[in-house]
file entry16.cif (mmCIF, C-alpha atoms)
data_data
loop_
_atom_site.label_atom_id
_atom_site.label_comp_id
_atom_site.auth_asym_id
_atom_site.auth_seq_id
_atom_site.Cartn_x
_atom_site.Cartn_y
_atom_site.Cartn_z
CA MET A 1 41.61 -48.03 153.62
CA ALA A 2 43.92 -45.94 155.82
CA LYS A 3 47.67 -46.34 155.57
CA GLU A 4 49.80 -46.90 158.66
CA ILE A 5 53.37 -45.74 158.12
CA GLU A 6 55.56 -46.41 161.14
CA ARG A 7 59.02 -47.30 162.28
CA LYS A 8 59.81 -49.30 165.40
CA PHE A 9 62.87 -49.25 167.63
CA MET A 10 63.94 -51.47 170.51
CA LEU A 11 64.49 -49.54 173.72
CA ALA A 12 66.88 -51.01 176.27
CA GLU A 13 65.08 -49.20 179.10
CA PHE A 14 62.38 -46.62 179.61
CA PRO A 15 63.95 -43.15 179.11
CA ASP A 16 63.14 -41.82 182.61
CA SER A 17 66.03 -39.33 182.49
CA LEU A 18 64.54 -37.71 179.36
CA VAL A 19 61.20 -37.40 181.16
CA GLN A 20 62.93 -35.76 184.14
CA GLU A 21 64.73 -33.35 181.79
CA GLY A 22 61.45 -32.45 180.04
CA VAL A 23 62.73 -33.73 176.68
CA LEU A 24 60.07 -36.46 176.67
CA VAL A 25 56.62 -35.46 177.97
CA PRO A 26 54.22 -38.35 178.67
CA ALA A 27 50.61 -37.58 177.70
CA LYS A 28 48.86 -40.83 178.64
CA GLU A 29 49.37 -44.42 179.71
CA GLN A 30 47.18 -47.30 178.65
CA HIS A 31 47.10 -50.97 179.54
CA ILE A 32 46.37 -52.96 176.37
CA GLU A 33 45.19 -56.55 176.04
CA GLN A 34 45.58 -57.65 172.42
CA THR A 35 44.29 -60.88 170.87
CA TYR A 36 44.55 -62.00 167.27
CA LEU A 37 41.51 -63.68 165.75
CA ALA A 38 43.13 -64.52 162.41
CA ILE A 39 46.62 -64.04 161.02
CA ASP A 40 48.68 -65.06 158.02
CA ASP A 41 51.85 -63.75 156.41
CA THR A 42 50.36 -60.43 155.30
CA GLN A 43 47.03 -59.96 157.10
CA GLU A 44 45.88 -59.78 160.68
CA LEU A 45 42.58 -59.41 162.45
CA ARG A 46 42.75 -58.45 166.13
CA VAL A 47 40.78 -57.08 169.04
CA ARG A 48 41.98 -54.92 171.89
CA LYS A 49 40.81 -53.98 175.34
CA ILE A 50 42.39 -50.64 176.23
CA ARG A 51 42.28 -49.22 179.75
CA ASP A 52 43.29 -45.63 180.36
CA MET A 53 45.49 -45.92 183.45
CA ALA A 54 44.61 -42.42 184.73
CA THR A 55 40.82 -42.67 184.45
CA GLY A 56 40.21 -46.43 184.45
CA LYS A 57 37.98 -45.99 181.39
CA HIS A 58 37.91 -48.90 178.90
CA GLU A 59 37.57 -48.94 175.15
CA PHE A 60 37.42 -51.91 172.81
CA THR A 61 38.64 -52.02 169.21
CA HIS A 62 38.61 -54.34 166.22
CA THR A 63 41.44 -53.92 163.69
CA PHE A 64 42.28 -55.32 160.27
CA LYS A 65 45.82 -54.83 158.92
CA ASN A 66 47.19 -55.82 155.54
CA GLY A 67 50.86 -55.83 154.57
CA ASN A 68 54.24 -56.05 156.24
CA GLY A 69 57.00 -53.63 157.06
CA LEU A 70 57.01 -49.85 156.89
CA VAL A 71 53.64 -49.24 155.18
CA ARG A 72 50.49 -51.22 155.89
CA GLU A 73 46.79 -50.79 155.29
CA GLU A 74 44.76 -50.49 158.48
CA ILE A 75 41.08 -50.33 159.39
CA GLU A 76 40.25 -49.87 163.07
CA TYR A 77 36.95 -49.18 164.75
CA SER A 78 35.32 -49.34 168.18
CA ILE A 79 33.29 -52.35 169.27
CA SER A 80 31.18 -53.01 172.35
CA GLU A 81 32.52 -54.69 175.45
CA SER A 82 30.00 -57.49 174.90
CA LEU A 83 31.25 -58.22 171.38
CA TYR A 84 34.87 -58.07 172.58
CA GLU A 85 34.13 -60.58 175.36
CA GLN A 86 32.33 -62.92 172.94
CA LEU A 87 35.28 -62.86 170.51
CA ILE A 88 37.84 -63.43 173.29
CA LYS A 89 35.84 -66.34 174.70
CA ALA A 90 35.41 -67.91 171.26
CA SER A 91 39.13 -67.59 170.46
CA GLY A 92 40.32 -69.23 173.69
CA ALA A 93 43.61 -67.36 173.25
CA ILE A 94 45.92 -65.70 175.76
CA PRO A 95 46.00 -61.92 175.22
CA LEU A 96 49.34 -60.20 174.71
CA THR A 97 49.48 -57.44 177.32
CA LYS A 98 51.48 -54.25 177.47
CA VAL A 99 51.58 -50.75 178.89
CA ARG A 100 51.62 -48.07 176.20
CA THR A 101 53.03 -44.67 177.07
CA THR A 102 52.14 -41.98 174.54
CA ALA A 103 54.49 -39.03 174.78
CA ASP A 104 55.60 -35.87 173.04
CA TRP A 105 59.23 -35.78 171.94
CA ALA A 106 60.35 -32.54 170.26
CA GLY A 107 56.85 -31.93 168.86
CA THR A 108 56.46 -35.51 167.65
CA THR A 109 54.18 -38.13 169.17
CA ILE A 110 55.87 -41.41 170.06
CA GLU A 111 54.49 -44.55 171.69
CA ILE A 112 56.50 -46.76 174.02
CA ASP A 113 55.16 -50.27 174.58
CA THR A 114 56.44 -52.16 177.61
CA TYR A 115 55.31 -55.80 177.40
CA ASP A 116 54.14 -57.70 180.49
CA GLN A 117 54.87 -61.29 179.41
CA LEU A 118 58.36 -60.82 177.99
CA GLN A 119 61.42 -58.62 178.26
CA LEU A 120 60.66 -56.25 175.42
CA ARG A 121 60.21 -52.49 175.12
CA VAL A 122 59.42 -50.99 171.71
CA LEU A 123 59.21 -47.35 170.62
CA GLU A 124 56.92 -46.62 167.66
CA ILE A 125 56.72 -43.45 165.62
CA GLU A 126 54.17 -42.85 162.83
CA PHE A 127 54.78 -40.74 159.75
CA GLU A 128 52.66 -38.87 157.20
CA SER A 129 54.57 -40.35 154.25
CA GLU A 130 56.94 -43.13 153.35
CA GLU A 131 59.54 -40.53 152.37
CA ALA A 132 59.38 -38.95 155.83
CA ALA A 133 59.73 -42.37 157.47
CA LEU A 134 62.72 -43.32 155.34
CA GLY A 135 64.38 -39.93 155.85
CA PHE A 136 63.97 -39.94 159.63
CA GLN A 137 67.22 -40.01 161.60
CA ALA A 138 66.54 -41.59 164.98
CA PRO A 139 68.54 -40.45 168.00
CA ASP A 140 70.73 -43.06 169.70
CA TRP A 141 68.37 -43.43 172.66
CA PHE A 142 65.69 -44.93 170.34
CA GLY A 143 67.82 -48.08 170.07
CA PRO A 144 68.11 -50.40 167.06
CA ASP A 145 65.57 -50.08 164.23
CA ILE A 146 63.43 -53.24 164.27
CA SER A 147 60.80 -52.04 161.76
CA SER A 148 61.45 -54.89 159.32
CA MET A 149 62.32 -57.59 161.86
CA LYS A 150 59.32 -59.96 161.92
CA GLN A 151 60.39 -61.62 165.19
CA TYR A 152 59.44 -58.39 167.00
CA SER A 153 56.05 -57.88 165.37
CA ASN A 154 53.11 -58.08 167.74
CA LYS A 155 51.56 -60.97 165.82
CA THR A 156 54.78 -63.03 165.98
CA VAL A 157 55.21 -62.36 169.70
CA TRP A 158 51.52 -63.24 170.24
CA LYS A 159 51.95 -66.55 168.34
CA LYS A 160 54.92 -67.46 170.56
CA LEU A 161 52.83 -66.64 173.64
CA GLN A 162 50.13 -69.06 172.48
CA GLU A 163 52.79 -71.77 172.06
CA GLY A 164 54.32 -71.04 175.48
CA ARG A 165 57.58 -69.91 173.87
CA VAL A 166 57.80 -66.30 175.03
CA GLU A 167 61.39 -65.35 175.82
#
call {"tool": "encode", "arguments": {"input": "entry16.cif", "output": "structure tokens"}}
result
Amino acid sequence: MAKEIERKFMLAEFPDSLVQEGVLVPAKEQHIEQTYLAIDDTQELRVRKIRDMATGKHEFTHTFKNGNGLVREEIEYSISESLYEQLIKASGAIPLTKVRTTADWAGTTIEIDTYDQLQLRVLEIEFESEEAALGFQAPDWFGPDISSMKQYSNKTVWKKLQEGRVE
């Protein structure tokens, strides 16, 4: 099982000035619809519909994650549109939607998620090792580190959306 090692930060606003200065170079934008099929304290099973905003091309994924916090196990693979639609219909859930901007920052890939249904913008950065993640010194513009704050996890936000409690 692959390991996902990432840290998350809360952005107050999209860093347009850094894009204009060439410090942050966007590579792609995707619109993501994300629905959880099963979740508990440590595991999650989700599907995604991902639309490339430049080409309009869609892809569909099925993901299993195990663990919480900085390091988690992750298995992700492509599924057909038909299977995705069947799972979404069977779940009866409201997808969590967001625009993901993948960008290069000083030779490092970052992802900025801007959520549609709530006032939240999160920057994610993945690492090769736990040591690298723990040793990383984020610049001020990244905002507060929310890596271990469960209230900002996608599955918690999605649960609130299902209950009509999105802030």
call {"tool": "residues_around", "arguments": {"input": "entry16.cif", "residues": "A:Phe136", "least_positions_apart": "2", "cutoff": "12 Å", "atoms": "all atoms listed in the file", "output": "PyMOL selection string"}}
result
chain A and resi 6-8+108+125-134+138-139+142+145
call {"tool": "resolve_selection", "arguments": {"input": "entry16.cif", "expression": "the PyMOL selection byres ((chain A and resi 71) around 7)", "output": "MDAnalysis selection string"}}
result
chainID A and resid 3:6 68:70 72
call {"tool": "residues_near_point", "arguments": {"input": "entry16.cif", "point": "(44.7, -61.7, 174.8)", "cutoff": "7 Å", "atoms": "only C-alpha atoms", "output": "PDB file with C-alpha atoms, in the coordinates of the input"}}
result
ATOM      1  CA  GLU A  33      45.190 -56.550 176.040  1.00  0.00           C
ATOM      2  CA  GLN A  34      45.580 -57.650 172.420  1.00  0.00           C
ATOM      3  CA  THR A  35      44.290 -60.880 170.870  1.00  0.00           C
ATOM      4  CA  ALA A  93      43.610 -67.360 173.250  1.00  0.00           C
ATOM      5  CA  ILE A  94      45.920 -65.700 175.760  1.00  0.00           C
ATOM      6  CA  PRO A  95      46.000 -61.920 175.220  1.00  0.00           C
ATOM      7  CA  LEU A  96      49.340 -60.200 174.710  1.00  0.00           C
ATOM      8  CA  THR A  97      49.480 -57.440 177.320  1.00  0.00           C
TER       9      THR A  97
END
call {"tool": "closest_atom_pairs", "arguments": {"input": "entry16.cif", "of": "stretch 79-125 of chain A", "to": "stretch 150-157 of chain A", "cutoff": "10 Å", "atoms": "all atoms listed in the file", "output": "CSV"}}
result
residue,atom,partner,partner_atom,distance
A:Leu96,CA,A:Val157,CA,8.0
A:Gln117,CA,A:Val157,CA,9.8
A:Leu118,CA,A:Val157,CA,9.0
A:Leu120,CA,A:Tyr152,CA,8.8
A:Val122,CA,A:Tyr152,CA,8.8
call {"tool": "axis_aligned_box", "arguments": {"input": "entry16.cif", "around": "stretch 4-18 of chain A", "padding_each_side": "5 Å", "output": "JSON"}}
result
{"center_x": 58.3, "center_y": -44.6, "center_z": 170.4, "size_x": 27.1, "size_y": 23.8, "size_z": 34.5}
call {"tool": "closest_residue", "arguments": {"input": "entry16.cif", "among": "A:Val25, A:Ile146, A:Thr109, A:Lys65", "to": "A:Asp41", "atoms": "all atoms listed in the file"}}
result
A:Lys65
call {"tool": "atom_distance", "arguments": {"input": "entry16.cif", "atom1": "atom CA of A:Gly143", "atom2": "atom CA of A:Thr102"}}
result
17.4 Å
call {"tool": "atom_distance", "arguments": {"input": "entry16.cif", "atom1": "atom CA of A:Asp113", "atom2": "atom CA of A:Val99"}}
result
5.6 Å
call {"tool": "closest_residue", "arguments": {"input": "entry16.cif", "among": "A:Gln137, A:Ser82, A:Thr63, A:Ser147", "to": "A:Leu123", "atoms": "only C-alpha atoms"}}
result
A:Ser147
call {"tool": "build_atoms", "arguments": {"input": "entry16.cif", "residues": "stretch 78-89 of chain A", "atoms": "all heavy atoms", "output": "short mmCIF file (atom, residue, chain, number, x, y, z; two decimals), in the coordinates of the input"}}
result
data_model
loop_
_atom_site.label_atom_id
_atom_site.label_comp_id
_atom_site.auth_asym_id
_atom_site.auth_seq_id
_atom_site.Cartn_x
_atom_site.Cartn_y
_atom_site.Cartn_z
N SER A 78 35.75 -48.96 166.83
CA SER A 78 35.32 -49.34 168.18
C SER A 78 34.27 -50.44 168.11
O SER A 78 33.46 -50.48 167.18
CB SER A 78 34.71 -48.13 168.90
OG SER A 78 35.68 -47.14 169.10
N ILE A 79 34.30 -51.32 169.11
CA ILE A 79 33.29 -52.35 169.27
C ILE A 79 32.81 -52.30 170.72
O ILE A 79 33.44 -51.68 171.57
CB ILE A 79 33.81 -53.76 168.90
CG1 ILE A 79 35.00 -54.17 169.79
CG2 ILE A 79 34.17 -53.84 167.42
CD1 ILE A 79 35.46 -55.61 169.61
N SER A 80 31.71 -52.98 170.98
CA SER A 80 31.18 -53.01 172.35
C SER A 80 31.97 -53.98 173.21
O SER A 80 32.63 -54.89 172.71
CB SER A 80 29.71 -53.44 172.32
OG SER A 80 29.60 -54.80 171.95
N GLU A 81 31.88 -53.77 174.51
CA GLU A 81 32.52 -54.69 175.45
C GLU A 81 31.95 -56.10 175.29
O GLU A 81 32.69 -57.09 175.33
CB GLU A 81 32.33 -54.21 176.88
CG GLU A 81 32.98 -55.11 177.91
CD GLU A 81 32.84 -54.59 179.32
OE1 GLU A 81 32.18 -53.56 179.55
OE2 GLU A 81 33.45 -55.23 180.24
N SER A 82 30.66 -56.20 175.07
CA SER A 82 30.00 -57.49 174.90
C SER A 82 30.55 -58.25 173.70
O SER A 82 30.86 -59.45 173.80
CB SER A 82 28.49 -57.28 174.75
OG SER A 82 27.85 -58.50 174.45
N LEU A 83 30.69 -57.56 172.57
CA LEU A 83 31.25 -58.22 171.38
C LEU A 83 32.69 -58.63 171.63
O LEU A 83 33.11 -59.74 171.28
CB LEU A 83 31.15 -57.30 170.16
CG LEU A 83 31.71 -57.85 168.85
CD1 LEU A 83 31.08 -59.21 168.50
CD2 LEU A 83 31.53 -56.85 167.72
N TYR A 84 33.48 -57.73 172.25
CA TYR A 84 34.87 -58.07 172.58
C TYR A 84 34.92 -59.35 173.42
O TYR A 84 35.68 -60.27 173.11
CB TYR A 84 35.52 -56.90 173.33
CG TYR A 84 36.88 -57.25 173.89
CD1 TYR A 84 38.02 -57.18 173.09
CD2 TYR A 84 37.03 -57.67 175.21
CE1 TYR A 84 39.26 -57.52 173.60
CE2 TYR A 84 38.26 -58.01 175.72
CZ TYR A 84 39.38 -57.93 174.91
OH TYR A 84 40.61 -58.28 175.41
N GLU A 85 34.12 -59.41 174.48
CA GLU A 85 34.13 -60.58 175.36
C GLU A 85 33.73 -61.86 174.61
O GLU A 85 34.31 -62.92 174.84
CB GLU A 85 33.21 -60.34 176.57
CG GLU A 85 33.68 -59.25 177.51
CD GLU A 85 35.02 -59.52 178.18
OE1 GLU A 85 35.45 -60.68 178.29
OE2 GLU A 85 35.67 -58.54 178.62
N GLN A 86 32.75 -61.76 173.73
CA GLN A 86 32.33 -62.92 172.94
C GLN A 86 33.47 -63.42 172.05
O GLN A 86 33.72 -64.63 171.95
CB GLN A 86 31.13 -62.58 172.06
CG GLN A 86 29.84 -62.39 172.84
CD GLN A 86 28.72 -61.95 171.92
OE1 GLN A 86 28.46 -62.57 170.90
NE2 GLN A 86 28.06 -60.86 172.28
N LEU A 87 34.18 -62.49 171.40
CA LEU A 87 35.28 -62.86 170.51
C LEU A 87 36.45 -63.47 171.29
O LEU A 87 37.05 -64.45 170.86
CB LEU A 87 35.75 -61.64 169.71
CG LEU A 87 34.76 -61.14 168.66
CD1 LEU A 87 35.17 -59.77 168.15
CD2 LEU A 87 34.62 -62.14 167.52
N ILE A 88 36.75 -62.91 172.45
CA ILE A 88 37.84 -63.43 173.29
C ILE A 88 37.50 -64.84 173.76
O ILE A 88 38.33 -65.75 173.71
CB ILE A 88 38.10 -62.49 174.49
CG1 ILE A 88 38.73 -61.19 174.02
CG2 ILE A 88 39.00 -63.15 175.53
CD1 ILE A 88 40.06 -61.35 173.32
N LYS A 89 36.26 -65.02 174.22
CA LYS A 89 35.84 -66.34 174.70
C LYS A 89 35.89 -67.37 173.58
O LYS A 89 36.37 -68.49 173.77
CB LYS A 89 34.42 -66.25 175.28
CG LYS A 89 33.96 -67.53 175.92
CD LYS A 89 32.59 -67.36 176.55
CE LYS A 89 32.16 -68.67 177.19
NZ LYS A 89 30.83 -68.56 177.78
#
